[in-house]
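J.: I have a structure here, written as structure tokens, and I will follow up with some questions on it.
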Amino acid sequence: MSPSLSLALLQVVDRQAPAEFWPWFVATLVKLVALFTIYMIVVAYTTLAERKVSAWMQDRYGPNRVGPRGLFQPLADGLKNIMKEETLPPYANKVLFMLAPAMAFIPAMILWAVIPFAAPWASPWGRIEMQLAPLPIGLLFVIAFSSLGVYGIVLAGWSSNNKYALLGGLRSSAQMVSYEISMGMSLIPVLLVAGNVTLNEIVNQQASLHLWNVLTLGVGFFLYTVSAFAETNRLPFDLPEAESELITGYHTEYSAMKFSLFFIAEYANMLTQSAMIATLFFGGWDIPFMRADNVGAVSFPLVLLSFAIMFAKTLFFLFFFIWIRWTLPRFRYDQLMSIGWKVLLPIALAYIVIVAGTLLALDAAGLKRDFVYGAILFAVNAVLAVVMFRILDRGRIVSPAYGRLDPQELARLRSVSRARTHLTVSAGD
Amino acid sequence: MPNFFYQFNFYLFGLIAIASALLFVTRKSPVAAALWLVNVMFALAALYVMLDAHFVGVVQIIVYAGAIMVVFLFVVMLLNLGDPKEISDVSGKWGRLAAGLVGLALIAQIMTLARSSAPPSLVQPPDRVADDLKALNALGTIAKPLFGEYLLAFEVTSLLLLVAIVGAVVLGRRRAAS
């Protein structure tokens with residue numbers, strides 16, 4: 001053992017300073033393996049959760065044959081999909097047909113490289129970030145790679161050489177390109193408040209305001225969540241695979257494991273988006289009502305606790321995705337497009353201006369970034385939410401099921417739409 | 001050791017970019033060509049990141065790979081363009097010869113530029129980028145000059161883009177009416 005090395009071992013390492021190369025390398029490998037394992041298990045069990053929750057909401061049992069209470073159902077599904085015959089349509093573009101399922105799945109997984117999943121650990125070897133790659137452009141990385149998932153779906157649709165698949169692929173690319181814009185715009189207020197693009201800083205900023213972004217930027221949360229549903233192709237925006245009109249859309253021609261990979265991609269995207277919502281608007285790994293976790297690197301039990309908190313928040317939003325799916329009906333395609341371009345985008349743009357103006361005024365008034373600052377932002381958002389949902393909306397989108405129209409007005413609108421489309425509109429519409 | 005790693009990555013991504021660009025111009029199928037172009041964009045983004053231009057690298061992916069190429073693919077798939085010979089801009093012996101000459105001229109230019117040295121007023125002080133990154137983080141290095149020093153140029157450019165958008169809409173409408 002060389003003298004400098006033994007000296008380094010004897011010295012007490014500053015636990016807040018970044019770790020040296022080898023501890024960092026080993027920690028990264030461990031994080032990589034652990035994260036990937038947990039990720040794949042959660043994705044597999046989300047498929048079971050979807051079926052169980054839908055069964056629960058519809059007063060059924062759901063899968064309950066494989067293992068105790070059907071707990072081994074994902075394993076059985078995986079085994080079945082591997083054993084099944086793979087088909088290749090004779091006129092498909094072979095290379096792209098094979099590549100598409102992987103291209104749908106990989107972007108969702110790559111995003112986990114930048115999501116911080118726990119508080120940094122003050123290890124005996126120095127500070128270890130609980131994030132695979134602390135990039136200086138964290139959030140922009142997320143925006144960039146979440147926009148790449150569309151390639152898998154578009155190419156699956158095109159390479160299958162099938163009309164339904166192509167229509168599904170085209171629908172999805174139009175939908176994802178449209179909603180990507182409002183998604184990016186809804187994130188700008190978060191950046192304005194945080195003053196930084198790294199995700200760890202966004203978490204720390206929420207902790208320092210003593211208020212999570214869901215309160216200080218409530219309207220932004222709403223816009224982001226709606227766009228996230230559209231980006232993940234989940235109901236009420238699952239137009240690309242609308243079974244009733246397109247068979248199953250872009251994966252009509254797929255079978256066996258390649259078919260199942262599209263589902264894994266969908267659930268992987270949900271998981272990633274849930275973690276993003278938790279990080280950006282619900283404080284990420286920040287433990288509620290606790291200060292000890294926001295003092296830089298912390299002890300190992302606290303790291304585990306913050307990881308559990310992050311995990312719980314993520315699982316809640318996974319449940320939220322499923323909950324919405326079995327509650328709301330599907331939008332029509334023209335409604336989907338007009339909501340994206342005519343509703344979400346203008347609101348997001350106006351919201352950026354309002355938030356930027358508020359921040360400018362608060363900073364000019366010399367307010368420190370603490371609880372009062374957050375409370376004022378919350379008040380502004382509460383007013384904006386009322387304006388948005390009650391005054392601007394007037395029951396047109398948010399509550400169409402019982403729309404606040406008087407019967408005469410409803411009859412007039414129906415006669416107009418009947419005259420326009422020459423189709424009879426059933427009373428249920 | 002880090003220097004070797006840097007060199008290795010530089011040549012790796014450089015080769016990927018060149019190989020993908022060659023494949024992009026030689027593919028018969030428009031969809032395959034578009035996908036190879038996406039690959040070029042990725043390799044370029046990696047090179048930008050290696051130059052400490054994180055923001056430019058990630059914008060390269062957001063704008064080109066995430067938006068423009070998706071719209072390209074969309075159009076290519078919808079039109080299902082036929083034989084590449086019919087849609088090619090460069091046709092015949094003379095056209096190819098001219099294209100080849102332009103390419104050679106460009107390569108010669110790059111070679112000359114690589115060998116010449118820039119006037120000292122244009123050369124940045126050695127640690128400028130690293131210092132800026134430390135002081136302003138990855139976004140501030142772009143945002144500060146863009147919305148300060150060069151605000152007018154920036155706004156004029158956005159006006160130019162607006163004119164282009166309005167022009168596209170006008171041209172599209174006229175064709176539909178006739």
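For the structure tokens, the naming scheme is as follows: chains receive sequential letters (A, B, ...) according to their order of presentation, residues are indexed from 1 within each chain, and ligands are indexed from 1 in presentation order.
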Can you build me a table of chain A residues sitting at most 10 Å from chain B, with the closest atom pair per residue and its distance in Å to one decimal, using only C-alpha atoms, sorted by chain and residue number, as a Markdown table?

T.:
```
| residue | atom | partner | partner_atom | distance |
| --- | --- | --- | --- | --- |
| A:Val95 | CA | B:Ala32 | CA | 10.0 |
| A:Leu96 | CA | B:Ala32 | CA | 8.8 |
| A:Leu135 | CA | B:His54 | CA | 8.9 |
| A:Pro136 | CA | B:Ala138 | CA | 6.0 |
| A:Ile137 | CA | B:Ala138 | CA | 6.5 |
| A:Gly138 | CA | B:Val58 | CA | 9.9 |
| A:Leu140 | CA | B:Val58 | CA | 6.7 |
| A:Phe141 | CA | B:Val58 | CA | 6.3 |
| A:Val142 | CA | B:Val58 | CA | 9.6 |
| A:Ile143 | CA | B:Ile62 | CA | 7.1 |
| A:Ala144 | CA | B:Ile62 | CA | 4.5 |
| A:Phe145 | CA | B:Ile62 | CA | 7.7 |
| A:Ser146 | CA | B:Gly66 | CA | 8.6 |
| A:Ser147 | CA | B:Gly66 | CA | 5.3 |
| A:Leu148 | CA | B:Gly66 | CA | 5.6 |
| A:Gly149 | CA | B:Gly66 | CA | 9.0 |
| A:Val150 | CA | B:Val70 | CA | 7.9 |
| A:Tyr151 | CA | B:Val70 | CA | 7.3 |
| A:Val154 | CA | B:Phe74 | CA | 8.1 |
| A:Leu155 | CA | B:Leu73 | CA | 8.9 |
| A:Gly157 | CA | B:Met77 | CA | 9.8 |
| A:Trp158 | CA | B:Met77 | CA | 7.0 |
| A:Ser159 | CA | B:Val31 | CA | 9.7 |
| A:Leu166 | CA | B:Met77 | CA | 8.4 |
| A:Leu167 | CA | B:Leu78 | CA | 9.6 |
| A:Gly169 | CA | B:Phe74 | CA | 9.0 |
| A:Leu170 | CA | B:Phe74 | CA | 6.7 |
| A:Arg171 | CA | B:Phe74 | CA | 9.8 |
| A:Ser173 | CA | B:Val70 | CA | 7.2 |
| A:Ala174 | CA | B:Phe74 | CA | 8.2 |
| A:Met176 | CA | B:Ala67 | CA | 9.7 |
| A:Val177 | CA | B:Ala67 | CA | 6.7 |
| A:Ser178 | CA | B:Ala67 | CA | 9.7 |
| A:Glu180 | CA | B:Ala67 | CA | 9.0 |
| A:Ile181 | CA | B:Ala67 | CA | 9.6 |
| A:Gly195 | CA | B:Gly140 | CA | 9.9 |
| A:Asn196 | CA | B:Asn137 | CA | 8.1 |
| A:Val197 | CA | B:Leu139 | CA | 7.8 |
| A:Thr198 | CA | B:Ala138 | CA | 9.6 |
```

J.: Could you please determine the separation between atom CA of A:Asp363 and atom CA of A:Leu209 in Å, to one decimal place?

T.: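 Going from atom CA of A:Asp363 over to atom CA of A:Leu209 covers 14.4 Å.
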
J.: Ranking B:Ile110, B:Ala130, B:Leu12, B:Leu104 by minimum distance to B:Asp52 and counting only C-alpha atoms, which one comes first?

T.: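 Ranked by minimum distance to B:Asp52, first place goes to B:Ala130.
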
J.: Name the residues of stretch 38-153 of chain B that come out as helix (DSSP H, G or I) in a backbone DSSP run; write them as number ranges by chain.

T.: B: 38-50, 54-79, 84-87, 92-115, 120-122, 128-147, 151-153

J.: Would you put the residues from that selection into a file with C-alpha atoms, as an mmCIF file, in the first residue's frame?

T.:
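Contents of part.cif, freshly written:
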```
data_model
loop_
_atom_site.group_PDB
_atom_site.id
_atom_site.type_symbol
_atom_site.label_atom_id
_atom_site.label_comp_id
_atom_site.auth_asym_id
_atom_site.auth_seq_id
_atom_site.Cartn_x
_atom_site.Cartn_y
_atom_site.Cartn_z
ATOM 1 C CA VAL B 38 -31.796 11.754 -36.894
ATOM 2 C CA ASN B 39 -28.710 9.715 -36.065
ATOM 3 C CA VAL B 40 -26.504 12.511 -37.401
ATOM 4 C CA MET B 41 -28.330 14.947 -35.116
ATOM 5 C CA PHE B 42 -27.642 12.732 -32.104
ATOM 6 C CA ALA B 43 -23.951 12.431 -32.886
ATOM 7 C CA LEU B 44 -23.716 16.216 -33.322
ATOM 8 C CA ALA B 45 -25.538 16.748 -30.016
ATOM 9 C CA ALA B 46 -22.984 14.498 -28.310
ATOM 10 C CA LEU B 47 -20.156 16.563 -29.824
ATOM 11 C CA TYR B 48 -21.759 19.802 -28.593
ATOM 12 C CA VAL B 49 -22.040 18.379 -25.081
ATOM 13 C CA MET B 50 -18.357 17.446 -25.225
ATOM 14 C CA HIS B 54 -24.932 21.396 -22.973
ATOM 15 C CA PHE B 55 -27.744 23.711 -23.901
ATOM 16 C CA VAL B 56 -26.972 23.673 -27.627
ATOM 17 C CA GLY B 57 -26.661 19.893 -27.517
ATOM 18 C CA VAL B 58 -30.013 19.345 -25.853
ATOM 19 C CA VAL B 59 -31.746 21.929 -28.044
ATOM 20 C CA GLN B 60 -30.354 20.068 -31.047
ATOM 21 C CA ILE B 61 -32.277 17.005 -29.854
ATOM 22 C CA ILE B 62 -35.453 18.867 -28.847
ATOM 23 C CA VAL B 63 -35.743 20.884 -32.045
ATOM 24 C CA TYR B 64 -34.300 18.629 -34.740
ATOM 25 C CA ALA B 65 -34.778 15.065 -33.515
ATOM 26 C CA GLY B 66 -37.904 15.697 -31.446
ATOM 27 C CA ALA B 67 -39.850 18.111 -33.633
ATOM 28 C CA ILE B 68 -38.578 18.777 -37.145
ATOM 29 C CA MET B 69 -37.676 15.199 -38.050
ATOM 30 C CA VAL B 70 -40.956 13.899 -36.630
ATOM 31 C CA VAL B 71 -42.817 16.290 -38.921
ATOM 32 C CA PHE B 72 -40.552 15.198 -41.797
ATOM 33 C CA LEU B 73 -41.381 11.559 -41.144
ATOM 34 C CA PHE B 74 -45.048 12.460 -40.902
ATOM 35 C CA VAL B 75 -44.989 14.073 -44.351
ATOM 36 C CA VAL B 76 -42.887 11.324 -45.922
ATOM 37 C CA MET B 77 -45.223 8.636 -44.624
ATOM 38 C CA LEU B 78 -48.358 10.467 -45.690
ATOM 39 C CA LEU B 79 -47.123 11.103 -49.228
ATOM 40 C CA PRO B 84 -36.325 8.515 -55.539
ATOM 41 C CA LYS B 85 -35.129 9.192 -59.114
ATOM 42 C CA GLU B 86 -38.254 11.214 -59.865
ATOM 43 C CA ILE B 87 -38.068 13.421 -56.803
ATOM 44 C CA GLY B 92 -28.210 13.710 -65.031
ATOM 45 C CA LYS B 93 -24.459 13.588 -65.483
ATOM 46 C CA TRP B 94 -23.894 17.356 -65.280
ATOM 47 C CA GLY B 95 -26.037 17.825 -62.215
ATOM 48 C CA ARG B 96 -24.088 15.163 -60.342
ATOM 49 C CA LEU B 97 -20.788 16.592 -61.475
ATOM 50 C CA ALA B 98 -21.795 20.079 -60.249
ATOM 51 C CA ALA B 99 -22.947 18.674 -56.903
ATOM 52 C CA GLY B 100 -19.687 16.793 -56.513
ATOM 53 C CA LEU B 101 -17.661 19.917 -57.283
ATOM 54 C CA VAL B 102 -19.586 21.965 -54.715
ATOM 55 C CA GLY B 103 -18.918 19.241 -52.153
ATOM 56 C CA LEU B 104 -15.212 19.220 -52.947
ATOM 57 C CA ALA B 105 -15.069 23.014 -52.678
ATOM 58 C CA LEU B 106 -16.698 22.832 -49.238
ATOM 59 C CA ILE B 107 -14.229 20.182 -48.036
ATOM 60 C CA ALA B 108 -11.331 22.309 -49.353
ATOM 61 C CA GLN B 109 -12.717 25.315 -47.437
ATOM 62 C CA ILE B 110 -12.969 23.367 -44.190
ATOM 63 C CA MET B 111 -9.423 22.043 -44.639
ATOM 64 C CA THR B 112 -8.062 25.545 -45.202
ATOM 65 C CA LEU B 113 -9.972 26.962 -42.241
ATOM 66 C CA ALA B 114 -8.691 24.188 -39.982
ATOM 67 C CA ARG B 115 -5.097 25.052 -40.918
ATOM 68 C CA PRO B 120 -6.551 37.291 -31.905
ATOM 69 C CA SER B 121 -9.603 39.534 -31.411
ATOM 70 C CA LEU B 122 -11.873 36.588 -32.234
ATOM 71 C CA ARG B 128 -13.797 31.705 -20.651
ATOM 72 C CA VAL B 129 -16.336 28.918 -21.223
ATOM 73 C CA ALA B 130 -15.530 27.096 -17.987
ATOM 74 C CA ASP B 131 -15.715 30.336 -15.967
ATOM 75 C CA ASP B 132 -19.029 31.305 -17.561
ATOM 76 C CA LEU B 133 -20.462 27.868 -16.881
ATOM 77 C CA LYS B 134 -19.467 28.119 -13.241
ATOM 78 C CA ALA B 135 -20.870 31.631 -12.807
ATOM 79 C CA LEU B 136 -24.063 31.429 -14.850
ATOM 80 C CA ASN B 137 -24.826 27.658 -15.137
ATOM 81 C CA ALA B 138 -25.624 25.919 -18.416
ATOM 82 C CA LEU B 139 -28.554 28.142 -19.366
ATOM 83 C CA GLY B 140 -27.245 31.516 -18.225
ATOM 84 C CA THR B 141 -24.281 31.370 -20.586
ATOM 85 C CA ILE B 142 -26.733 31.424 -23.489
ATOM 86 C CA ALA B 143 -29.560 33.452 -21.955
ATOM 87 C CA LYS B 144 -27.509 36.397 -20.645
ATOM 88 C CA PRO B 145 -26.073 37.530 -24.003
ATOM 89 C CA LEU B 146 -29.181 36.506 -25.940
ATOM 90 C CA PHE B 147 -31.598 38.610 -23.893
ATOM 91 C CA LEU B 151 -31.744 41.345 -27.741
ATOM 92 C CA LEU B 152 -32.495 43.348 -30.890
ATOM 93 C CA ALA B 153 -31.016 40.719 -33.202
#
```

J.: Excluding A:Ala275 and its own-chain neighbours fewer than 2 positions away, which residues fall within 8 Å of it when counting only C-alpha atoms? Please give them as a PDB file with C-alpha atoms, in the first residue's frame.

T.:
```
ATOM      1  CA  ILE A 115     -34.537  11.956 -11.949  1.00  0.00           C
ATOM      2  CA  LEU A 271     -43.975   5.493 -14.365  1.00  0.00           C
ATOM      3  CA  THR A 272     -41.535   8.093 -15.677  1.00  0.00           C
ATOM      4  CA  GLN A 273     -44.212  10.757 -15.963  1.00  0.00           C
ATOM      5  CA  ILE A 277     -44.938  15.030 -11.656  1.00  0.00           C
ATOM      6  CA  ALA A 278     -43.793  14.018  -8.177  1.00  0.00           C
ATOM      7  CA  THR A 279     -40.415  15.717  -8.661  1.00  0.00           C
ATOM      8  CA  GLY A 284     -39.650  14.927  -5.176  1.00  0.00           C
ATOM      9  CA  MET A 310     -40.432   9.538  -3.517  1.00  0.00           C
ATOM     10  CA  LYS A 313     -45.523   9.804  -4.440  1.00  0.00           C
ATOM     11  CA  THR A 314     -44.687   8.069  -7.723  1.00  0.00           C
ATOM     12  CA  PHE A 317     -49.514   9.156  -9.534  1.00  0.00           C
TER      13      PHE A 317
END
```

J.: Between atom CA of A:Leu192 and atom CA of A:Ala364, what is the distance in Å, rounded to a tenth?

T.: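 The value is 15.1 Å.
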